[in-house]
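*Asks:* Just passing along the structure, written as structure tokens.
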Amino acid sequence: MWRGLWTLVARAARGPCRPCTRQGSGTPAPGSGATIFALSSGQGRCGIAVIRTSGPASGHALRSLTVPQDLPPARRACLRLLTDPRSGEPLDRALVLWFPGPQSFTGEDCAEFHVHGGPAVVSGVLQALGRVPGLRPAEAGEFTRRAFAHGKLSLTEVEGLADLIHAETEAQRRQALRQLDGELGHLCRGWLETLTKALAHVEAYIDFGEDDNLEDGVLERADSQVQELEVALNAHLGDARRGQRLRSGAHVVVAGPPNAGKSSLVNLLSRKPVSIVSPEPGTTRDVLETPVDLAGFPVLLSDTAGLREGEGPVEQEGVRRAHERCGDPSAGPPLLTRARHQHHLQGCLEALGHYKQAKDVALAAEALRIARGHLACFTSGGGTEEILDIIFRDFCVGK
């Protein structure tokens, strides 16, 4: 139903758009980019649904749908009647909020409509917004991508926000909040500052090495800073797999001979009767999977057939599948963002190794520049659109 609704909204928003420039009055003017809108709260029937916009025509959209038409005070909820801008038909009585840029989530002018969560109300408001000139439905993750583009979030904070949205356990939530709060970004910026100082010392030696005014021990200080950074990066890389396992979860296969208590253990850990328990051997003949939360860590438990010579084709297939699961219980692609972190930190370490081996001071400086580039990509993405596309596409529409 909601997918069909979004298709109707997209159709309503088609046609020539009149872009607008940002004005404090909320009135659009030609020459700027598109304004996006989407349902930002959960889909389905609910008490309150949140619909938001971002872009230069947000103020115009807010004035077009509300009675009275003046903008509410910034960041203050006001009760307004929402009407269709073409027919004037009442749509809902809702709370509306106005967030003029840059003091908003995306850094652009934003508006929020807190409407009643019935499908008819949400459908009416979304279709009304689609008929406002300059507005179009948002793509998945587009609000967050605009926040990143306007410097409201670093790339590591974006990844933390994505993890928070998908968090299913307490430990996942805590880790995601730490990254969203910028802990990882602050750590990386500290490394970047250390590396910048080392590069400055090497550059100073290149430019003023023959100058008597240059302090003694400049290169030694750079070497010391590089060594300290190497220690920190190695320690972080050694701990990275633990963070990856927490974010993506662990796959635990319960295997063993028949009647060893495998199904009982799975039922106990999952706190529900996932598997049939019987004194008769061979009760479990297929792989039964259930997700569980073990002390905050997400785990996928797999109950398997007892490992023995099967007495029939069905049991033999179950035993084969059990052996298959035991062979590689950790199969599956690693989490992309963690792989990105490891790639750049490893690249930085390799460049620091080239710095230490360089016989020429100019080559040493170039190695530090390469290492610095890897750390810069850690939080900014380095402008690589393909990487950014993959990171942002995992967001839901409206976030």
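In the structure tokens, each chain is lettered A, B, ... as it comes, each chain's residues begin at 1, and ligands are numbered from 1 in order of appearance.
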Can you tell me, as an mmCIF file with C-alpha atoms, in the first residue's frame, what residues are no more than 12 Å from range 186-195 of chain A when counting only C-alpha atoms, ignoring any on the same chain fewer than 4 positions away?
*Replies:*
```
data_model
loop_
_atom_site.group_PDB
_atom_site.id
_atom_site.type_symbol
_atom_site.label_atom_id
_atom_site.label_comp_id
_atom_site.auth_asym_id
_atom_site.auth_seq_id
_atom_site.Cartn_x
_atom_site.Cartn_y
_atom_site.Cartn_z
ATOM 1 C CA SER A 154 30.994 13.829 8.856
ATOM 2 C CA LEU A 155 31.046 10.554 6.947
ATOM 3 C CA THR A 156 31.755 8.549 10.108
ATOM 4 C CA GLU A 157 28.797 10.263 11.785
ATOM 5 C CA ARG A 178 29.212 6.836 20.118
ATOM 6 C CA GLN A 179 30.019 7.040 16.422
ATOM 7 C CA LEU A 180 27.126 9.427 15.742
ATOM 8 C CA ASP A 181 28.360 11.644 18.574
ATOM 9 C CA GLY A 182 31.628 11.961 16.669
ATOM 10 C CA LEU A 199 54.510 16.730 7.346
ATOM 11 C CA ALA A 200 55.031 20.395 8.263
ATOM 12 C CA HIS A 201 58.312 19.524 9.988
ATOM 13 C CA VAL A 202 59.537 17.578 6.956
ATOM 14 C CA ARG A 221 60.347 15.147 15.899
ATOM 15 C CA ALA A 222 58.617 14.066 12.696
ATOM 16 C CA ASP A 223 59.949 10.519 13.150
ATOM 17 C CA SER A 224 58.656 10.446 16.715
ATOM 18 C CA GLN A 225 55.202 11.643 15.655
ATOM 19 C CA VAL A 226 55.025 9.032 12.900
ATOM 20 C CA GLN A 227 56.026 6.281 15.317
ATOM 21 C CA GLU A 228 53.328 7.307 17.811
ATOM 22 C CA LEU A 229 50.757 7.356 15.025
ATOM 23 C CA GLU A 230 51.776 3.890 13.857
ATOM 24 C CA VAL A 231 51.210 2.501 17.342
ATOM 25 C CA ALA A 232 47.750 4.095 17.556
ATOM 26 C CA LEU A 233 46.672 2.892 14.115
ATOM 27 C CA HIS A 236 42.777 0.488 16.329
ATOM 28 C CA HIS A 341 37.690 2.166 7.607
ATOM 29 C CA HIS A 344 42.106 3.690 4.676
ATOM 30 C CA LEU A 345 43.821 2.931 7.982
ATOM 31 C CA CYS A 348 47.857 5.084 5.934
ATOM 32 C CA LEU A 349 50.063 2.534 7.720
ATOM 33 C CA ALA A 351 52.396 4.983 3.511
ATOM 34 C CA LEU A 352 54.013 5.535 6.917
ATOM 35 C CA TYR A 355 58.134 7.166 4.891
ATOM 36 C CA ALA A 365 57.283 14.015 2.431
ATOM 37 C CA ALA A 367 54.653 9.339 1.674
ATOM 38 C CA LEU A 368 53.268 11.535 4.465
ATOM 39 C CA ARG A 369 50.983 13.293 1.968
ATOM 40 C CA ILE A 370 49.617 9.915 0.846
ATOM 41 C CA ALA A 371 49.079 8.852 4.457
ATOM 42 C CA ARG A 372 47.334 12.138 5.188
ATOM 43 C CA GLY A 373 45.065 11.609 2.173
ATOM 44 C CA HIS A 374 43.926 8.256 3.551
ATOM 45 C CA LEU A 375 43.014 9.806 6.899
ATOM 46 C CA ALA A 376 41.170 12.648 5.177
ATOM 47 C CA CYS A 377 39.120 10.095 3.213
ATOM 48 C CA PHE A 378 38.226 8.417 6.503
ATOM 49 C CA THR A 379 35.841 11.222 7.484
ATOM 50 C CA SER A 380 35.149 12.996 4.192
#
```
*Asks:* Could you give me, as a JSON list (two decimals) with N, CA and C atoms, in the first residue's frame, each residue of range 79-274 of chain A that DSSP assigns to alpha helix (DSSP H) when run on this structure's backbone?
*Replies:*
```json
[["chain", "number", "residue", "atom", "x", "y", "z"],
["A", 119, "PRO", "N", -3.58, 6.25, 6.80],
["A", 119, "PRO", "CA", -3.12, 6.26, 5.40],
["A", 119, "PRO", "C", -3.75, 7.37, 4.57],
["A", 120, "ALA", "N", -5.04, 7.66, 4.77],
["A", 120, "ALA", "CA", -5.70, 8.68, 3.97],
["A", 120, "ALA", "C", -5.12, 10.06, 4.25],
["A", 121, "VAL", "N", -4.82, 10.35, 5.52],
["A", 121, "VAL", "CA", -4.24, 11.65, 5.87],
["A", 121, "VAL", "C", -2.84, 11.78, 5.28],
["A", 122, "VAL", "N", -2.01, 10.77, 5.50],
["A", 122, "VAL", "CA", -0.64, 10.80, 4.98],
["A", 122, "VAL", "C", -0.65, 10.92, 3.46],
["A", 123, "SER", "N", -1.52, 10.14, 2.81],
["A", 123, "SER", "CA", -1.62, 10.19, 1.35],
["A", 123, "SER", "C", -2.01, 11.58, 0.87],
["A", 124, "GLY", "N", -3.00, 12.19, 1.54],
["A", 124, "GLY", "CA", -3.45, 13.51, 1.11],
["A", 124, "GLY", "C", -2.37, 14.56, 1.25],
["A", 125, "VAL", "N", -1.62, 14.54, 2.36],
["A", 125, "VAL", "CA", -0.58, 15.55, 2.58],
["A", 125, "VAL", "C", 0.58, 15.34, 1.60],
["A", 126, "LEU", "N", 1.00, 14.08, 1.38],
["A", 126, "LEU", "CA", 2.09, 13.83, 0.44],
["A", 126, "LEU", "C", 1.72, 14.25, -0.98],
["A", 127, "GLN", "N", 0.50, 13.94, -1.39],
["A", 127, "GLN", "CA", 0.09, 14.33, -2.73],
["A", 127, "GLN", "C", -0.04, 15.85, -2.85],
["A", 128, "ALA", "N", -0.47, 16.51, -1.79],
["A", 128, "ALA", "CA", -0.55, 17.97, -1.81],
["A", 128, "ALA", "C", 0.85, 18.58, -1.94],
["A", 129, "LEU", "N", 1.82, 18.04, -1.22],
["A", 129, "LEU", "CA", 3.19, 18.53, -1.33],
["A", 129, "LEU", "C", 3.74, 18.29, -2.74],
["A", 130, "GLY", "N", 3.37, 17.16, -3.35],
["A", 130, "GLY", "CA", 3.83, 16.87, -4.69],
["A", 130, "GLY", "C", 3.32, 17.84, -5.73],
["A", 142, "GLU", "N", 18.46, 10.75, 1.11],
["A", 142, "GLU", "CA", 18.79, 12.07, 0.55],
["A", 142, "GLU", "C", 18.86, 13.17, 1.60],
["A", 143, "PHE", "N", 18.03, 13.09, 2.64],
["A", 143, "PHE", "CA", 18.11, 14.10, 3.70],
["A", 143, "PHE", "C", 19.49, 14.05, 4.38],
["A", 144, "THR", "N", 19.94, 12.83, 4.70],
["A", 144, "THR", "CA", 21.24, 12.69, 5.36],
["A", 144, "THR", "C", 22.37, 13.08, 4.42],
["A", 145, "ARG", "N", 22.23, 12.78, 3.14],
["A", 145, "ARG", "CA", 23.27, 13.16, 2.18],
["A", 145, "ARG", "C", 23.39, 14.67, 2.08],
["A", 146, "ARG", "N", 22.27, 15.37, 2.15],
["A", 146, "ARG", "CA", 22.33, 16.84, 2.14],
["A", 146, "ARG", "C", 22.98, 17.37, 3.42],
["A", 147, "ALA", "N", 22.70, 16.70, 4.55],
["A", 147, "ALA", "CA", 23.36, 17.10, 5.80],
["A", 147, "ALA", "C", 24.86, 16.93, 5.69],
["A", 148, "PHE", "N", 25.30, 15.85, 5.06],
["A", 148, "PHE", "CA", 26.73, 15.61, 4.85],
["A", 148, "PHE", "C", 27.32, 16.67, 3.91],
["A", 149, "ALA", "N", 26.60, 16.98, 2.84],
["A", 149, "ALA", "CA", 27.09, 17.96, 1.85],
["A", 149, "ALA", "C", 27.23, 19.34, 2.46],
["A", 155, "LEU", "N", 31.41, 11.84, 7.52],
["A", 155, "LEU", "CA", 31.05, 10.55, 6.95],
["A", 155, "LEU", "C", 30.97, 9.48, 8.03],
["A", 156, "THR", "N", 31.84, 9.53, 9.02],
["A", 156, "THR", "CA", 31.75, 8.55, 10.11],
["A", 156, "THR", "C", 30.49, 8.75, 10.93],
["A", 157, "GLU", "N", 30.05, 9.99, 11.08],
["A", 157, "GLU", "CA", 28.80, 10.26, 11.79],
["A", 157, "GLU", "C", 27.60, 9.78, 10.98],
["A", 158, "VAL", "N", 27.68, 9.91, 9.65],
["A", 158, "VAL", "CA", 26.63, 9.38, 8.78],
["A", 158, "VAL", "C", 26.52, 7.87, 8.97],
["A", 159, "GLU", "N", 27.68, 7.19, 8.99],
["A", 159, "GLU", "CA", 27.68, 5.75, 9.20],
["A", 159, "GLU", "C", 27.11, 5.39, 10.57],
["A", 160, "GLY", "N", 27.43, 6.20, 11.58],
["A", 160, "GLY", "CA", 26.87, 5.96, 12.91],
["A", 160, "GLY", "C", 25.36, 6.12, 12.92],
["A", 161, "LEU", "N", 24.85, 7.11, 12.17],
["A", 161, "LEU", "CA", 23.40, 7.30, 12.08],
["A", 161, "LEU", "C", 22.74, 6.11, 11.40],
["A", 162, "ALA", "N", 23.35, 5.61, 10.34],
["A", 162, "ALA", "CA", 22.81, 4.42, 9.66],
["A", 162, "ALA", "C", 22.79, 3.23, 10.61],
["A", 163, "ASP", "N", 23.87, 3.05, 11.38],
["A", 163, "ASP", "CA", 23.92, 1.94, 12.33],
["A", 163, "ASP", "C", 22.86, 2.10, 13.41],
["A", 164, "LEU", "N", 22.61, 3.34, 13.84],
["A", 164, "LEU", "CA", 21.61, 3.58, 14.89],
["A", 164, "LEU", "C", 20.22, 3.23, 14.38],
["A", 165, "ILE", "N", 19.92, 3.57, 13.13],
["A", 165, "ILE", "CA", 18.62, 3.25, 12.56],
["A", 165, "ILE", "C", 18.41, 1.74, 12.49],
["A", 166, "HIS", "N", 19.48, 1.01, 12.18],
["A", 166, "HIS", "CA", 19.37, -0.44, 12.02],
["A", 166, "HIS", "C", 19.71, -1.21, 13.30],
["A", 170, "GLU", "N", 21.03, -3.51, 22.47],
["A", 170, "GLU", "CA", 21.54, -2.40, 23.28],
["A", 170, "GLU", "C", 22.99, -2.09, 22.93],
["A", 171, "ALA", "N", 23.81, -3.14, 22.76],
["A", 171, "ALA", "CA", 25.22, -2.90, 22.44],
["A", 171, "ALA", "C", 25.37, -2.22, 21.09],
["A", 172, "GLN", "N", 24.57, -2.62, 20.11],
["A", 172, "GLN", "CA", 24.62, -1.96, 18.81],
["A", 172, "GLN", "C", 24.22, -0.49, 18.93],
["A", 173, "ARG", "N", 23.18, -0.24, 19.72],
["A", 173, "ARG", "CA", 22.72, 1.14, 19.90],
["A", 173, "ARG", "C", 23.81, 1.99, 20.55],
["A", 174, "ARG", "N", 24.47, 1.45, 21.58],
["A", 174, "ARG", "CA", 25.50, 2.23, 22.27],
["A", 174, "ARG", "C", 26.67, 2.54, 21.33],
["A", 175, "GLN", "N", 27.09, 1.52, 20.55],
["A", 175, "GLN", "CA", 28.20, 1.76, 19.63],
["A", 175, "GLN", "C", 27.83, 2.78, 18.56],
["A", 176, "ALA", "N", 26.61, 2.67, 18.02],
["A", 176, "ALA", "CA", 26.18, 3.60, 16.98],
["A", 176, "ALA", "C", 26.09, 5.03, 17.52],
["A", 177, "LEU", "N", 25.60, 5.19, 18.74],
["A", 177, "LEU", "CA", 25.51, 6.53, 19.34],
["A", 177, "LEU", "C", 26.89, 7.13, 19.54],
["A", 178, "ARG", "N", 27.85, 6.32, 19.94],
["A", 178, "ARG", "CA", 29.21, 6.84, 20.12],
["A", 178, "ARG", "C", 29.77, 7.34, 18.80],
["A", 179, "GLN", "N", 29.51, 6.60, 17.72],
["A", 179, "GLN", "CA", 30.02, 7.04, 16.42],
["A", 179, "GLN", "C", 29.25, 8.25, 15.93],
["A", 180, "LEU", "N", 27.92, 8.27, 16.14],
["A", 180, "LEU", "CA", 27.13, 9.43, 15.74],
["A", 180, "LEU", "C", 27.53, 10.67, 16.50],
["A", 183, "GLU", "N", 32.78, 10.38, 18.16],
["A", 183, "GLU", "CA", 33.98, 9.88, 18.82],
["A", 183, "GLU", "C", 35.02, 9.38, 17.82],
["A", 184, "LEU", "N", 34.55, 8.61, 16.83],
["A", 184, "LEU", "CA", 35.48, 8.09, 15.83],
["A", 184, "LEU", "C", 36.05, 9.22, 14.98],
["A", 185, "GLY", "N", 35.22, 10.19, 14.64],
["A", 185, "GLY", "CA", 35.70, 11.33, 13.86],
["A", 185, "GLY", "C", 36.71, 12.17, 14.62],
["A", 186, "HIS", "N", 36.45, 12.39, 15.91],
["A", 186, "HIS", "CA", 37.40, 13.15, 16.73],
["A", 186, "HIS", "C", 38.74, 12.43, 16.82],
["A", 187, "LEU", "N", 38.69, 11.10, 16.98],
["A", 187, "LEU", "CA", 39.92, 10.32, 17.05],
["A", 187, "LEU", "C", 40.71, 10.45, 15.75],
["A", 188, "CYS", "N", 40.01, 10.36, 14.63],
["A", 188, "CYS", "CA", 40.68, 10.44, 13.33],
["A", 188, "CYS", "C", 41.24, 11.84, 13.09],
["A", 189, "ARG", "N", 40.50, 12.86, 13.52],
["A", 189, "ARG", "CA", 41.02, 14.23, 13.36],
["A", 189, "ARG", "C", 42.27, 14.45, 14.19],
["A", 190, "GLY", "N", 42.35, 13.79, 15.36],
["A", 190, "GLY", "CA", 43.58, 13.87, 16.15],
["A", 190, "GLY", "C", 44.75, 13.23, 15.43],
["A", 191, "TRP", "N", 44.51, 12.08, 14.81],
["A", 191, "TRP", "CA", 45.56, 11.45, 14.01],
["A", 191, "TRP", "C", 45.97, 12.35, 12.85],
["A", 192, "LEU", "N", 44.99, 12.95, 12.22],
["A", 192, "LEU", "CA", 45.26, 13.82, 11.07],
["A", 192, "LEU", "C", 46.09, 15.03, 11.49],
["A", 193, "GLU", "N", 45.81, 15.57, 12.66],
["A", 193, "GLU", "CA", 46.58, 16.71, 13.16],
["A", 193, "GLU", "C", 48.03, 16.30, 13.44],
["A", 194, "THR", "N", 48.21, 15.11, 14.02],
["A", 194, "THR", "CA", 49.57, 14.62, 14.27],
["A", 194, "THR", "C", 50.34, 14.46, 12.97],
["A", 195, "LEU", "N", 49.67, 13.89, 11.97],
["A", 195, "LEU", "CA", 50.33, 13.67, 10.68],
["A", 195, "LEU", "C", 50.62, 14.99, 9.97],
["A", 196, "THR", "N", 49.74, 15.96, 10.12],
["A", 196, "THR", "CA", 49.96, 17.27, 9.51],
["A", 196, "THR", "C", 51.18, 17.96, 10.12],
["A", 197, "LYS", "N", 51.34, 17.82, 11.43],
["A", 197, "LYS", "CA", 52.51, 18.41, 12.09],
["A", 197, "LYS", "C", 53.80, 17.75, 11.60],
["A", 198, "ALA", "N", 53.77, 16.41, 11.47],
["A", 198, "ALA", "CA", 54.95, 15.71, 10.98],
["A", 198, "ALA", "C", 55.30, 16.16, 9.57],
["A", 199, "LEU", "N", 54.27, 16.29, 8.72],
["A", 199, "LEU", "CA", 54.51, 16.73, 7.35],
["A", 199, "LEU", "C", 55.05, 18.15, 7.33],
["A", 200, "ALA", "N", 54.55, 19.01, 8.20],
["A", 200, "ALA", "CA", 55.03, 20.39, 8.26],
["A", 200, "ALA", "C", 56.50, 20.44, 8.65],
["A", 201, "HIS", "N", 56.90, 19.55, 9.58],
["A", 201, "HIS", "CA", 58.31, 19.52, 9.99],
["A", 201, "HIS", "C", 59.21, 19.06, 8.84],
["A", 202, "VAL", "N", 58.74, 18.06, 8.09],
["A", 202, "VAL", "CA", 59.54, 17.58, 6.96],
["A", 202, "VAL", "C", 59.61, 18.65, 5.87],
["A", 203, "GLU", "N", 58.49, 19.30, 5.59],
["A", 203, "GLU", "CA", 58.48, 20.37, 4.58],
["A", 203, "GLU", "C", 59.39, 21.52, 5.00],
["A", 204, "ALA", "N", 59.39, 21.83, 6.28],
["A", 204, "ALA", "CA", 60.26, 22.89, 6.78],
["A", 204, "ALA", "C", 61.73, 22.53, 6.57],
["A", 205, "TYR", "N", 62.06, 21.27, 6.79],
["A", 205, "TYR", "CA", 63.44, 20.83, 6.58],
["A", 205, "TYR", "C", 63.82, 20.94, 5.10],
["A", 206, "ILE", "N", 62.88, 20.58, 4.21],
["A", 206, "ILE", "CA", 63.15, 20.68, 2.77],
["A", 206, "ILE", "C", 63.37, 22.13, 2.36],
["A", 207, "ASP", "N", 62.52, 23.03, 2.85],
["A", 207, "ASP", "CA", 62.57, 24.43, 2.41],
["A", 207, "ASP", "C", 63.66, 25.24, 3.10],
["A", 208, "PHE", "N", 63.94, 24.90, 4.38],
["A", 208, "PHE", "CA", 64.85, 25.75, 5.15],
["A", 208, "PHE", "C", 65.99, 24.95, 5.78],
["A", 218, "VAL", "N", 64.40, 18.71, 13.83],
["A", 218, "VAL", "CA", 63.10, 18.80, 13.18],
["A", 218, "VAL", "C", 62.68, 17.43, 12.65],
["A", 219, "LEU", "N", 63.56, 16.75, 11.94],
["A", 219, "LEU", "CA", 63.23, 15.44, 11.40],
["A", 219, "LEU", "C", 63.02, 14.41, 12.49],
["A", 220, "GLU", "N", 63.77, 14.52, 13.58],
["A", 220, "GLU", "CA", 63.60, 13.59, 14.69],
["A", 220, "GLU", "C", 62.19, 13.72, 15.29],
["A", 221, "ARG", "N", 61.70, 14.96, 15.38],
["A", 221, "ARG", "CA", 60.35, 15.15, 15.90],
["A", 221, "ARG", "C", 59.31, 14.53, 14.96],
["A", 222, "ALA", "N", 59.53, 14.68, 13.67],
["A", 222, "ALA", "CA", 58.62, 14.07, 12.70],
["A", 222, "ALA", "C", 58.65, 12.55, 12.83],
["A", 223, "ASP", "N", 59.84, 11.97, 12.98],
["A", 223, "ASP", "CA", 59.95, 10.52, 13.15],
["A", 223, "ASP", "C", 59.21, 10.05, 14.40],
["A", 224, "SER", "N", 59.32, 10.81, 15.47],
["A", 224, "SER", "CA", 58.66, 10.45, 16.72],
["A", 224, "SER", "C", 57.14, 10.49, 16.56],
["A", 225, "GLN", "N", 56.64, 11.52, 15.87],
["A", 225, "GLN", "CA", 55.20, 11.64, 15.66],
["A", 225, "GLN", "C", 54.67, 10.51, 14.79],
["A", 226, "VAL", "N", 55.44, 10.14, 13.77],
["A", 226, "VAL", "CA", 55.03, 9.03, 12.90],
["A", 226, "VAL", "C", 55.00, 7.72, 13.68],
["A", 227, "GLN", "N", 55.98, 7.51, 14.53],
["A", 227, "GLN", "CA", 56.03, 6.28, 15.32],
["A", 227, "GLN", "C", 54.83, 6.19, 16.27],
["A", 228, "GLU", "N", 54.49, 7.30, 16.92],
["A", 228, "GLU", "CA", 53.33, 7.31, 17.81],
["A", 228, "GLU", "C", 52.04, 7.02, 17.04],
["A", 229, "LEU", "N", 51.95, 7.58, 15.84],
["A", 229, "LEU", "CA", 50.76, 7.36, 15.02],
["A", 229, "LEU", "C", 50.65, 5.90, 14.59],
["A", 230, "GLU", "N", 51.78, 5.30, 14.25],
["A", 230, "GLU", "CA", 51.78, 3.89, 13.86],
["A", 230, "GLU", "C", 51.25, 3.01, 14.99],
["A", 231, "VAL", "N", 51.66, 3.28, 16.19],
["A", 231, "VAL", "CA", 51.21, 2.50, 17.34],
["A", 231, "VAL", "C", 49.69, 2.62, 17.50],
["A", 232, "ALA", "N", 49.18, 3.86, 17.38],
["A", 232, "ALA", "CA", 47.75, 4.09, 17.56],
["A", 232, "ALA", "C", 46.94, 3.41, 16.46],
["A", 233, "LEU", "N", 47.41, 3.50, 15.22],
["A", 233, "LEU", "CA", 46.67, 2.89, 14.12],
["A", 233, "LEU", "C", 46.67, 1.37, 14.22],
["A", 234, "ASN", "N", 47.79, 0.79, 14.59],
["A", 234, "ASN", "CA", 47.85, -0.66, 14.74],
["A", 234, "ASN", "C", 46.91, -1.14, 15.84],
["A", 235, "ALA", "N", 46.85, -0.39, 16.94],
["A", 235, "ALA", "CA", 45.94, -0.76, 18.03],
["A", 235, "ALA", "C", 44.49, -0.69, 17.58],
["A", 236, "HIS", "N", 44.15, 0.34, 16.80],
["A", 236, "HIS", "CA", 42.78, 0.49, 16.33],
["A", 236, "HIS", "C", 42.42, -0.60, 15.32],
["A", 237, "LEU", "N", 43.34, -0.90, 14.42],
["A", 237, "LEU", "CA", 43.07, -1.96, 13.44],
["A", 237, "LEU", "C", 42.92, -3.32, 14.11],
["A", 238, "GLY", "N", 43.67, -3.55, 15.17],
["A", 238, "GLY", "CA", 43.55, -4.81, 15.88],
["A", 238, "GLY", "C", 42.21, -4.99, 16.57],
["A", 239, "ASP", "N", 41.50, -3.86, 16.83],
["A", 239, "ASP", "CA", 40.21, -3.92, 17.51],
["A", 239, "ASP", "C", 39.04, -3.81, 16.54],
["A", 240, "ALA", "N", 39.34, -3.55, 15.25],
["A", 240, "ALA", "CA", 38.26, -3.24, 14.30],
["A", 240, "ALA", "C", 37.32, -4.42, 14.08],
["A", 241, "ARG", "N", 37.82, -5.64, 14.07],
["A", 241, "ARG", "CA", 36.96, -6.78, 13.82],
["A", 241, "ARG", "C", 35.90, -6.94, 14.91],
["A", 242, "ARG", "N", 36.21, -6.54, 16.13],
["A", 242, "ARG", "CA", 35.21, -6.64, 17.19],
["A", 242, "ARG", "C", 34.04, -5.70, 16.91],
["A", 243, "GLY", "N", 34.37, -4.48, 16.46],
["A", 243, "GLY", "CA", 33.30, -3.55, 16.08],
["A", 243, "GLY", "C", 32.48, -4.07, 14.92],
["A", 244, "GLN", "N", 33.13, -4.71, 13.96],
["A", 244, "GLN", "CA", 32.41, -5.25, 12.80],
["A", 244, "GLN", "C", 31.47, -6.36, 13.23],
["A", 245, "ARG", "N", 31.93, -7.24, 14.11],
["A", 245, "ARG", "CA", 31.07, -8.33, 14.57],
["A", 245, "ARG", "C", 29.87, -7.80, 15.33],
["A", 246, "LEU", "N", 30.07, -6.73, 16.09],
["A", 246, "LEU", "CA", 28.96, -6.16, 16.83],
["A", 246, "LEU", "C", 27.93, -5.57, 15.88],
["A", 247, "ARG", "N", 28.38, -4.91, 14.83],
["A", 247, "ARG", "CA", 27.46, -4.26, 13.91],
["A", 247, "ARG", "C", 26.74, -5.25, 13.02],
["A", 248, "SER", "N", 27.45, -6.27, 12.53],
["A", 248, "SER", "CA", 26.83, -7.21, 11.59],
["A", 248, "SER", "C", 26.30, -8.46, 12.27],
["A", 262, "LYS", "N", 20.91, -30.16, 21.38],
["A", 262, "LYS", "CA", 21.08, -28.98, 20.52],
["A", 262, "LYS", "C", 19.80, -28.15, 20.46],
["A", 263, "SER", "N", 18.69, -28.81, 20.20],
["A", 263, "SER", "CA", 17.42, -28.09, 20.08],
["A", 263, "SER", "C", 17.00, -27.47, 21.41],
["A", 264, "SER", "N", 17.25, -28.19, 22.50],
["A", 264, "SER", "CA", 16.92, -27.64, 23.83],
["A", 264, "SER", "C", 17.72, -26.38, 24.11],
["A", 265, "LEU", "N", 19.01, -26.39, 23.72],
["A", 265, "LEU", "CA", 19.85, -25.21, 23.93],
["A", 265, "LEU", "C", 19.36, -24.03, 23.09],
["A", 266, "VAL", "N", 19.00, -24.30, 21.84],
["A", 266, "VAL", "CA", 18.50, -23.22, 20.97],
["A", 266, "VAL", "C", 17.20, -22.65, 21.53],
["A", 267, "ASN", "N", 16.30, -23.51, 21.99],
["A", 267, "ASN", "CA", 15.04, -23.04, 22.58],
["A", 267, "ASN", "C", 15.29, -22.22, 23.84],
["A", 268, "LEU", "N", 16.26, -22.65, 24.64],
["A", 268, "LEU", "CA", 16.57, -21.93, 25.88],
["A", 268, "LEU", "C", 17.12, -20.54, 25.58],
["A", 269, "LEU", "N", 18.06, -20.45, 24.64],
["A", 269, "LEU", "CA", 18.68, -19.17, 24.33],
["A", 269, "LEU", "C", 17.70, -18.22, 23.63],
["A", 270, "SER", "N", 16.83, -18.76, 22.79],
["A", 270, "SER", "CA", 15.89, -17.91, 22.06],
["A", 270, "SER", "C", 14.63, -17.62, 22.87]]
```
*Asks:* Can you pull out the residues contacting Ser40 in chain A? Cut-off 12 Å, using only C-alpha atoms, and skip same-chain residues under 3 positions away; I want them as a VMD selection string.
*Replies:* chain A and resid 36 to 37 43 to 44 48 to 54 111 to 115 117 122 126 137 to 144 395 to 399
*Asks:* Show which residues sit within 9 Å of Pro73 in chain A, as a VMD selection string. Count only C-alpha atoms, and ignore same-chain residues fewer than 4 positions away.
*Replies:* chain A and resid 77 to 78 97 to 99
*Asks:* Between CA of Gly59 in chain A and CA of Leu135 in chain A, what is the spacing in Å?
*Replies:*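 Here the two named atoms are 11.3 Å from each other.
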*Asks:* So the first atom is CA of Ala74 in chain A and the second is CA of Thr35 in chain A; what is the distance between them in Å, to one decimal place?
*Replies:*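 We find that CA of Ala74 in chain A and CA of Thr35 in chain A lie 18.6 Å from each other.
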*Asks:* Which residue out of A:Pro273, A:Pro133, A:Pro90, A:Gly353 has the minimum interatomic distance to Val67 in chain A when only C-alpha atoms are used?
*Replies:*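 Residue with the minimum atom-to-atom distance to Val67 in chain A: A:Pro90.
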*Asks:* Distance CA of Pro279 in chain A-CA of Ala255 in chain A, one decimal place?
*Replies:*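 Result for CA of Pro279 in chain A versus CA of Ala255 in chain A: 16.8 Å, one decimal.
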